[in-house]
Protein chains: 2
Amino acid sequence: MTEQVTTGTDVTRMRELNALSIVRALRGGPPSTVTEVAARTGLSRPGTDVIVQGLVADGWLTVVEPDGSSVVGRPARRYRFNAGAGHVVGVDVGVHKVLAMLADLDGTVVRTARLPVDPGADPAARLTVVDAAVDECLAGAGLRPDDVWAITVGVTGPVDAGGRTTLFTPLPGWASVSPAGHLAARFSCPIQVENDCKLAALAERWQGAARDADDIVYVLAGMRCGAGLIIDGALRRGHGGAAGEIGALRAVRWLTAPSHLENCAGLPAGIDTDDAAAWVFNAARAGDKAARTAVRRYTRDLAVGTAALVLTLDPQVVVLGGGFSRSADLILDQLARELGRTCLRVPEIRASTLGDESVALGALRLALDEVDARLFGVSLPAPLAPRA
Amino acid sequence: MTEQVTTGTDVTRMRELNALSIVRALRGGPPSTVTEVAARTGLSRPGTDVIVQGLVADGWLTVVEPDGSSVVGRPARRYRFNAGAGHVVGVDVGVHKVLAMLADLDGTVVRTARLPVDPGADPAARLTVVDAAVDECLAGAGLRPDDVWAITVGVTGPVDAGGRTTLFTPLPGWASVSPAGHLAARFSCPIQVENDCKLAALAERWQGAARDADDIVYVLAGMRCGAGLIIDGALRRGHGGAAGEIGALRAVRWLTAPSHLENCAGLPAGIDTDDAAAWVFNAARAGDKAARTAVRRYTRDLAVGTAALVLTLDPQVVVLGGGFSRSADLILDQLARELGRTCLRVPEIRASTLGDESVALGALRLALDEVDARLFGVSLPAPLAPRA
DNA sequence: TACTCTTTGTCAAGAGCGCAGCATTATTCG
DNA sequence: CGAATAATGCTGCGCTCTTGACAAAGAGTA
C-alpha cells in the first residue's frame, strides 16, 4: 500500500535533469556555445552557464577555446561532449572469427580486433579468443577494464533470459556457456548477450541502410537464415528472446533453402560448403542456367519467410543482410516481386551496407543504449570524471 | 541549428510534474490520505498537502471526509481521483450492430448502447446509427459533446494513416469513409480509428485474459480471422497500420478456413452462414464425426497462421477471441498441440473472457491512453474543472 | 472524566534553483 | 580610435520543496 509508485521531483533532482538535458543537447552534435545550448534546451543563459561549468568540472564536457573565426562580437567558448569519458565494447562471436570493437560514448570506433577461431574449437578455447580480442582493443587504446561502461556479445541462435543459447547454436559445446558470466570475472560493467541477427538489425538502423526507419525487418541471408526485428524504434526480443525465428516453421523452408545452392548442378567437385554459394552466385551472374535456377529457388524460399514477417509486422523497410547480401543484385528484384505478390503493403527492400561488421557494430549500439538508459533513466547520474 | 531538442525544466514546471505525480498516484487506487500519497510519491507531507489542495480546487480530486473508522490518531481526510472530470467514448462498428460505450477517466463504463444495423446499409445510414448510439450514451449520462475527451472507433480491416479502411472492409461502400472526419463535425476532441482485432487485443490486456502479459498475440477466430499484436506492453500497428494481417499469406489459409465449417456434411439445408458455425460446433460437441473433422480442419488452418505470428514475435500469451472463442473447448487443445509441434517456445494459450464487447472495450482503452498521453506527456496540463 | 498516545492539519524558517536585468569584456568593422 | 556586436559575469527576486515544530482530533486507559 505504501509502495513508491511515482517519483516526485525535488528541486535538486531538477538540477540533475537539466544537466542531463544539456548533455543530451551536446551529444553527437558539434561543439556549441552556451547561448546555443540555452536556446536548444529552453533554459536561460545564466542558468545554462552554471550547469555547464559544473559538467566541465565533472569531466562530462570539454572546453574548446575560440579559434580565429571571423564573426562580429566577442568570440564564444564552445563546449563539447567528452566522448572519451567512457567506452563500450561490442563483440561478434562467430564460427570462424571473433570480432571485437571498442568505441567511445559518441559511438566512434576507436579500436578493432579480428581474430580467427577454429570452427571446432571448444568453448574454453573460444572464450580465450574472445578475451584476447577484447584485451587487444583495450591495450591498443591504453584503457583498463574499469574504463569500459558496457559490453555486448553477439552470438548465433536465440538467447534466453540467462544469456545462453540453449535452444540452438552452431558452436560445439556452446549451448550451456554463459559469455556474460565469463566476462563478469574481469569486468564489473553491465554485460549483455544478444542474438547476432538482432544486433545486425540495430546496426543497420544506426549506421546502415535503414537509418530513417522505425519499423524494420532485418533478414539474414546466408548458409543460415535468420531475422531481427525493430518495431517502433526499439529492438524487440519477444518474451523468451526468440522473436524473429520464423525459420522454424516447416512451411517456411529457411533451414533447407541453402541446399538449393549446395546441390546446384555443375559445382566443382569437392568444393567447400562456404565457397559453393559464392561459386553459384558468380555462375548465375555469368548466365549459367542451373545456377540461376538455384538462386531463384533459394530466393523463393527466403521470400516465404520474409513475407510472413512482413505481413505480421508491416515494416517500413526490409534490409537484406548476411553473407549473401553481397549478391543482392541477384536476389533483391525477385524478392521484391514475391513480396509484391503476397503482401498487402510492400515495404522498401534494401541491401545491407555494413558487410560483416554489422553484428559487432550492433553490439556497440546495444551497449551504448545500455549506457544511455543508465544515464538518462530514472536513477540519478553518478558524478563521473574521466580517468584521473 | 537552434531547434528545441530537449526540454529544460523550470521550477514552475516542476510543480506541474509533481501535481501529475500525485494524480497518477491516486488514479485507479482507493481514496488515500495525504500521508499515504506523500509516501507513494516521495514528496514531503506539507508539500503534498499544498498540491492536493490545488488539485481539489481545479476539480482533479474530490475530498472524502473521514467516516467513523476506528483507528488510533486523528481521522484523516481522504482524496480520490475525480474520474467524472472527463469521459471517453468507444465505438464498435460491426456488420450487424453498432456498440457504443461511455466511460469515465477511471475506465468505468457508465453507459452502453447497442443498436442493430442492416448488413447492407450504405455508409451514410451506418454513420447515422453510430451517431445515434453515441448520442444515446451521452444523453443517458446527461453529458454534452464537450464533456468527451477522446473517441475511438473500431472497424474491420487494416486502418491507414488517414483513418480509412481502403485496403479491405466487409461493409458496403465503407472503403473511402472517414469515421473520424464524420465525428469531428460534432466533437472537438481527438478521434482515432483503429482495427477491431487490435482493439480487442488491448481489451484483453486491460480487463481480459492477458492482464499480466506484455507480449500478446490476439487471434480473432470467426467467419473472418485476424490478429492484434501487443509487444512490450504497447499496441503495434506497423508502419502502414497493417500489422497482424498474416491471413493474406496464401500458405496461411485464414481466408478459406471458415469454409470447412460452412461446407460441413450434414448441415441443415438453407441454414444461415452465421448459424452454420454454431451448428457445427454443437454437432462436434455431441460427437458428430463430420463436424469434428470440420472443426479439426478449421483449427489446423488457424494454427498455421498463429504459428507464424508466434514464431515471429515469441509472445508470452496467445489469446483466442472472436465469435468462435465460445467454442474454445473444442479448439484450444488442438491449437496448443499444433503450436507445440511447430514453435520453438510455446506460449500460454487462453480463451477470451470478454465476449463481443471486447472491441468496444478496447476502443475505450485506446481513448483513455490518448487522454493519458495528453495529460502526462510533454505538454503542460491545462487546468480543467468538471462541468460547472 | 482526565490523561496519554498517535496521527493529522497547518505554519514558519531555511535552502536551492532558475530567471531577468545590468554591467563588463573581447572582438570586428568603419 | 570609436561604434557596434555578442559573450561573460554578477546581483536581486520569486518560486518551490524540505525540515521542524505545534495545535487539533480522536482512541485507549485508569
# chains A, B, ... in the order shown; residues from 1 in each chain; ligands from 1
call {"tool": "residues_around", "arguments": {"residues": "Gly181 in chain A", "least_positions_apart": "3", "cutoff": "9 Å", "atoms": "only C-alpha atoms (C1' of nucleotides)", "output": "list in words"}}
result
Gly163, Val177, Ser178, Ala184, Ala185 and Ile191 of chain A
call {"tool": "closest_atom_pairs", "arguments": {"of": "chain B", "to": "chain D", "cutoff": "10 Å", "atoms": "only C-alpha atoms (C1' of nucleotides)", "output": "CSV"}}
result
residue,atom,partner,partner_atom,distance
B:Asp10,CA,D:DC15,C1',9.9
B:Val11,CA,D:DT16,C1',6.7
B:Thr12,CA,D:DC15,C1',7.0
B:Met14,CA,D:DT16,C1',8.2
B:Arg15,CA,D:DT16,C1',7.3
B:Leu43,CA,D:DC17,C1',8.4
B:Ser44,CA,D:DT18,C1',6.9
B:Arg45,CA,D:DT18,C1',9.5
B:Pro46,CA,D:DT18,C1',8.8
B:Gly47,CA,D:DC17,C1',6.6
B:Thr48,CA,D:DC17,C1',9.8
B:Ser70,CA,D:DA27,C1',7.8
B:Val71,CA,D:DA27,C1',7.2
B:Val72,CA,D:DA27,C1',5.2
B:Gly73,CA,D:DG26,C1',5.9
B:Arg74,CA,D:DA25,C1',4.9
B:Pro75,CA,D:DG26,C1',6.9
B:Ala76,CA,D:DA25,C1',9.7
call {"tool": "closest_atom_pairs", "arguments": {"of": "chain B", "to": "chain A", "cutoff": "8 Å", "atoms": "only C-alpha atoms", "output": "tab-separated table"}}
result
residue	atom	partner	partner_atom	distance
B:Thr2	CA	A:Arg40	CA	5.8
B:Glu3	CA	A:Arg40	CA	5.8
B:Gln4	CA	A:Arg40	CA	4.4
B:Val5	CA	A:Arg40	CA	5.5
B:Thr6	CA	A:Thr41	CA	5.0
B:Thr7	CA	A:Thr41	CA	5.3
B:Gly8	CA	A:Thr41	CA	5.1
B:Thr9	CA	A:Asn18	CA	6.2
B:Asp10	CA	A:Leu43	CA	7.7
B:Val11	CA	A:Val11	CA	7.4
B:Met14	CA	A:Thr9	CA	6.6
B:Leu17	CA	A:Thr9	CA	7.2
B:Asn18	CA	A:Gly8	CA	5.4
B:Ser21	CA	A:Thr6	CA	5.9
B:Ile22	CA	A:Thr6	CA	7.8
B:Arg24	CA	A:Thr6	CA	7.3
B:Ala25	CA	A:Thr6	CA	6.4
B:Glu36	CA	A:Thr2	CA	6.5
B:Ala39	CA	A:Thr2	CA	6.2
B:Arg40	CA	A:Gln4	CA	4.4
B:Thr41	CA	A:Thr6	CA	5.0
B:Gly42	CA	A:Gly8	CA	5.6
B:Leu43	CA	A:Gly8	CA	5.6
B:Leu167	CA	A:Leu344	CA	7.8
B:Asp215	CA	A:His239	CA	6.3
B:Ile231	CA	A:Gly238	CA	7.6
B:Asp232	CA	A:Arg236	CA	7.8
B:Arg236	CA	A:Asp232	CA	7.8
B:Arg237	CA	A:Leu313	CA	7.7
B:Gly238	CA	A:Asp314	CA	4.7
B:His239	CA	A:Pro315	CA	5.3
B:Gly240	CA	A:Asp314	CA	6.4
B:Gly241	CA	A:Asp314	CA	7.1
B:Ala242	CA	A:Asp314	CA	5.5
B:Ala243	CA	A:Leu313	CA	4.4
B:Gly244	CA	A:Thr312	CA	4.3
B:Glu245	CA	A:Leu311	CA	5.5
B:Ile246	CA	A:Leu311	CA	4.9
B:Ala248	CA	A:Cys343	CA	6.8
B:Leu249	CA	A:Thr342	CA	5.8
B:Arg250	CA	A:Thr342	CA	7.2
B:Ala251	CA	A:Ala251	CA	7.6
B:Ala307	CA	A:Leu249	CA	7.4
B:Ala308	CA	A:Ile246	CA	6.5
B:Leu309	CA	A:Thr312	CA	6.3
B:Leu311	CA	A:Ile246	CA	4.9
B:Thr312	CA	A:Gly244	CA	4.3
B:Leu313	CA	A:Ala243	CA	4.4
B:Asp314	CA	A:Gly238	CA	4.7
B:Pro315	CA	A:His239	CA	5.3
B:Gln316	CA	A:His239	CA	5.5
B:Thr342	CA	A:Leu249	CA	5.8
B:Cys343	CA	A:Ala248	CA	6.8
B:Leu344	CA	A:Ala248	CA	7.1
B:Arg345	CA	A:Gly240	CA	7.4
call {"tool": "select_by_dssp", "arguments": {"residues": "range 91-296 of chain A", "states": "alpha helix (DSSP H)", "output": "JSON, numbers by chain"}}
result
{"A": [123, 124, 125, 126, 127, 128, 129, 130, 131, 132, 133, 134, 135, 136, 137, 138, 139, 140, 141, 179, 180, 181, 182, 183, 184, 196, 197, 198, 199, 200, 201, 202, 203, 204, 205, 206, 207, 259, 260, 261, 262, 273, 274, 275, 276, 277, 278, 279, 280, 281, 282, 283, 284, 285, 289, 290, 291, 292, 293, 294, 295, 296]}
call {"tool": "closest_atom_pairs", "arguments": {"of": "chain C", "to": "chain A", "cutoff": "9 Å", "atoms": "only C-alpha atoms (C1' of nucleotides)", "output": "tab-separated table"}}
result
residue	atom	partner	partner_atom	distance
C:DG16	C1'	A:Val11	CA	6.8
C:DC17	C1'	A:Val11	CA	6.8
C:DG18	C1'	A:Gly47	CA	6.2
C:DC19	C1'	A:Ser44	CA	6.8
C:DT25	C1'	A:Arg74	CA	8.1
C:DA26	C1'	A:Arg74	CA	4.9
C:DT27	C1'	A:Arg74	CA	4.9
C:DT28	C1'	A:Val72	CA	5.1
C:DC29	C1'	A:Val72	CA	8.3
call {"tool": "residues_around", "arguments": {"residues": "range 113-121 of chain B", "least_positions_apart": "5", "cutoff": "12 Å", "atoms": "only C-alpha atoms (C1' of nucleotides)", "output": "JSON, numbers by chain"}}
result
{"B": [89, 90, 91, 92, 93, 94, 95, 96, 97, 98, 99, 100, 101, 102, 126, 127, 128, 129, 130, 131, 132, 133, 134, 135, 136, 137, 138, 139, 140, 141, 170, 171, 172, 173, 174, 356, 357, 360]}
call {"tool": "select_by_dssp", "arguments": {"residues": "range 79-135 of chain A", "states": "strand (DSSP E or B)", "output": "CSV table (one decimal) with C-alpha atoms, in the first residue's frame"}}
result
chain,number,residue,atom,x,y,z
A,79,TYR,CA,31.7,23.1,-25.2
A,80,ARG,CA,31.8,19.6,-26.5
A,81,PHE,CA,30.5,16.3,-25.1
A,87,HIS,CA,33.9,3.5,-23.6
A,88,VAL,CA,31.9,0.4,-24.6
A,89,VAL,CA,32.8,-2.9,-26.2
A,90,GLY,CA,31.0,-5.0,-28.8
A,91,VAL,CA,32.0,-8.5,-29.6
A,92,ASP,CA,30.9,-10.7,-32.5
A,93,VAL,CA,31.5,-14.4,-31.7
A,97,LYS,CA,36.3,-15.5,-36.2
A,98,VAL,CA,35.9,-13.3,-33.2
A,99,LEU,CA,35.5,-9.5,-33.9
A,100,ALA,CA,35.8,-7.1,-31.1
A,101,MET,CA,35.2,-3.3,-31.3
A,102,LEU,CA,35.9,-0.5,-28.8
A,103,ALA,CA,34.0,2.7,-29.1
A,104,ASP,CA,33.7,5.9,-27.2
A,109,VAL,CA,35.0,3.2,-33.2
A,110,VAL,CA,38.4,3.6,-31.5
A,111,ARG,CA,39.9,0.1,-32.0
A,112,THR,CA,39.0,-3.1,-33.8
A,113,ALA,CA,40.4,-6.6,-33.3
A,114,ARG,CA,39.6,-9.6,-35.5
A,115,LEU,CA,41.0,-13.0,-34.5
A,116,PRO,CA,40.4,-16.3,-36.3
call {"tool": "closest_residue", "arguments": {"among": "B:Asp160, B:Asp196, B:Asp58, B:Asp333", "to": "Ala303 in chain B", "atoms": "only C-alpha atoms"}}
result
B:Asp333
call {"tool": "atom_distance", "arguments": {"atom1": "CA of Ala83 in chain A", "atom2": "CA of Gly208 in chain A"}}
result
21.7 Å
call {"tool": "atom_distance", "arguments": {"atom1": "CA of Ala336 in chain B", "atom2": "CA of Arg350 in chain B"}}
result
9.8 Å
